[in-house]
Each structure stands twice: as C-alpha cells, then as structure tokens.
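What follows is a set of notes on a single structure, which appears directly below.
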Amino acid sequence: MSISKNDRKTLLKSQQGELDAVLMYNALADVVRDAEDAETFRVLAAEEGRHAAVFRGLTQQILTPGKTKAVLLPCFTGSLGRNGCIR
C-alpha cells in the first residue's frame with residue numbers, strides 16, 4: 001500500500017496522539033482517588049494503545065510518547081479534583 005507524504009504526516013500525528021494518551025490516562029489512573037475511575041482510565045489507556053498499534057502498522061515507525069500531557073493533566077487533576085478538571 002502506498003501512502004502519500006501528506007497522509008503519512010497525518011498518520012504519524014495521530015499515532016503520536018494515541019501514544020501520548022496512553023501515558024496520560026495511566027498517569028490519571030495513578031492520581032484519582034476513586035478505584036472505579038482509576039480502572040476506567042486504565043481501560044482507556046489500553047484502548048489508546050491498541051489504536052497506536054494500528055497506526056504503527058501503517059507508518060512502520062516507532063514513536064516515543066510525549067510526557068507533557070502525562071505530567072500536567074494529572075497535576076491539575078490532583079490539585080483541582082475530578083470535578084474541577086475532568087467533565
């Protein structure tokens with residue numbers, strides 16, 4: 001299958017977003033107090049990981065997740081609480 005340069009760029013951005021979301025959801029699971037919320041975040045992380053794997057199959061490129069969302073959002077969640085940050 002041939003992928004245009006523009007489509008490849010879009011796929012790589014999507015792949016990166018999915019990888020970043022895995023870290024973010026796992027980090028959120030670590031800071032929420034409610035066990036049910038934590039499990040929900042872990043399920044979301046796993047789902048995002050599956051999405052990232054699909055994009056990896058298309059791009060044939062291994063990317064590294066970014067840590068910005070994984071650090072900042074849990075900090076806000078821990079400070080503001082679930083209702084102050086996540087709706």
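Residue numbering restarts at 1 for every chain of the structure tokens, chains are lettered A, B, ... in their displayed order, and ligands are numbered from 1 as they appear.
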List the spatial neighbours of segment 53-55 of chain A as a PyMOL selection string - criterion: any atom at most 10 Å away, only C-alpha atoms, same-chain residues fewer than 5 positions off excluded. chain A and resi 8+11-16+18-19+47-48+60-62
May I have the selected residues written with N, CA and C atoms, as a PDB file, in the first residue's frame?
```pdb
ATOM      1  N   ARG A   8       0.920  10.308   5.326  1.00  0.00           N
ATOM      2  CA  ARG A   8       1.871   9.760   6.292  1.00  0.00           C
ATOM      3  C   ARG A   8       2.064  10.725   7.460  1.00  0.00           C
ATOM      4  N   LEU A  11      -0.959  10.452   9.637  1.00  0.00           N
ATOM      5  CA  LEU A  11      -0.928   9.197  10.384  1.00  0.00           C
ATOM      6  C   LEU A  11       0.063   9.260  11.546  1.00  0.00           C
ATOM      7  N   LEU A  12       1.223   9.855  11.304  1.00  0.00           N
ATOM      8  CA  LEU A  12       2.223   9.980  12.360  1.00  0.00           C
ATOM      9  C   LEU A  12       1.731  10.876  13.497  1.00  0.00           C
ATOM     10  N   LYS A  13       1.044  11.960  13.163  1.00  0.00           N
ATOM     11  CA  LYS A  13       0.475  12.829  14.197  1.00  0.00           C
ATOM     12  C   LYS A  13      -0.581  12.075  15.001  1.00  0.00           C
ATOM     13  N   SER A  14      -1.382  11.288  14.325  1.00  0.00           N
ATOM     14  CA  SER A  14      -2.403  10.502  15.008  1.00  0.00           C
ATOM     15  C   SER A  14      -1.764   9.450  15.911  1.00  0.00           C
ATOM     16  N   GLN A  15      -0.745   8.794  15.399  1.00  0.00           N
ATOM     17  CA  GLN A  15      -0.027   7.790  16.184  1.00  0.00           C
ATOM     18  C   GLN A  15       0.566   8.433  17.436  1.00  0.00           C
ATOM     19  N   GLN A  16       1.159   9.602  17.287  1.00  0.00           N
ATOM     20  CA  GLN A  16       1.743  10.299  18.428  1.00  0.00           C
ATOM     21  C   GLN A  16       0.671  10.650  19.460  1.00  0.00           C
ATOM     22  N   GLU A  18      -2.125   9.119  20.055  1.00  0.00           N
ATOM     23  CA  GLU A  18      -2.560   7.903  20.748  1.00  0.00           C
ATOM     24  C   GLU A  18      -1.533   7.489  21.800  1.00  0.00           C
ATOM     25  N   LEU A  19      -0.255   7.556  21.453  1.00  0.00           N
ATOM     26  CA  LEU A  19       0.804   7.202  22.411  1.00  0.00           C
ATOM     27  C   LEU A  19       0.796   8.146  23.606  1.00  0.00           C
ATOM     28  N   GLU A  47      -7.034   0.972  25.367  1.00  0.00           N
ATOM     29  CA  GLU A  47      -7.682   1.198  24.075  1.00  0.00           C
ATOM     30  C   GLU A  47      -6.829   2.121  23.194  1.00  0.00           C
ATOM     31  N   GLU A  48      -6.296   3.171  23.794  1.00  0.00           N
ATOM     32  CA  GLU A  48      -5.431   4.076  23.034  1.00  0.00           C
ATOM     33  C   GLU A  48      -4.176   3.345  22.556  1.00  0.00           C
ATOM     34  N   GLN A  60       4.825   2.114  10.018  1.00  0.00           N
ATOM     35  CA  GLN A  60       6.054   1.328  10.177  1.00  0.00           C
ATOM     36  C   GLN A  60       7.140   2.131  10.901  1.00  0.00           C
ATOM     37  N   GLN A  61       6.702   2.997  11.810  1.00  0.00           N
ATOM     38  CA  GLN A  61       7.649   3.827  12.549  1.00  0.00           C
ATOM     39  C   GLN A  61       7.347   3.724  14.038  1.00  0.00           C
ATOM     40  N   ILE A  62       8.404   3.572  14.826  1.00  0.00           N
ATOM     41  CA  ILE A  62       8.260   3.516  16.280  1.00  0.00           C
ATOM     42  C   ILE A  62       8.440   4.927  16.821  1.00  0.00           C
TER      43      ILE A  62
END
```
Contact residues around Val22 of chain A with only C-alpha atoms at 7 Å, ignoring same-chain residues under 6 positions, as a count of residues only: 4
Given only C-alpha atoms as the basis, pick out the residue of A:Thr10, A:Gly17, A:Ser4, A:Glu36 nearest to Leu63 of chain A. A:Gly17
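When only C-alpha atoms are used to compute distances to His51 of chain A, the closest of the residues A:Ala21, A:Asp7, A:Val32, A:Asn26 turns out to be A:Ala21.
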So that I can see what lies close to Leu28 of chain A, please list as a ChimeraX atom specification the residues with an atom at most 7 Å from it, counting only C-alpha atoms and leaving out residues fewer than 3 positions away in the same chain. /A:24-25,31-32,41,74
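Picture a line from atom CA of Leu58 of chain A to atom CA of Lys9 of chain A; it runs 11.4 Å.
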With only C-alpha atoms as the counted atoms, please give the residues lying no more than 9 Å from Glu39 of chain A, apart from itself and same-chain residues fewer than 5 positions off, as an NGL selection string. :A and (29 or 34 or 44)
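Using only C-alpha atoms, the smallest distance between any of A:Thr40, A:Arg33, A:Leu23, A:Asn6 and Thr68 of chain A comes from A:Leu23.
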Apply DSSP to the structure's backbone, then extract all residues of segment 33-69 of chain A labelled helix (DSSP H, G or I) and return them as a PyMOL selection string. chain A and resi 35-59+68-69
What separation in Å, quoted to one decimal, exists between atom CA of Pro65 of chain A and atom CA of Ala35 of chain A? 25.2 Å
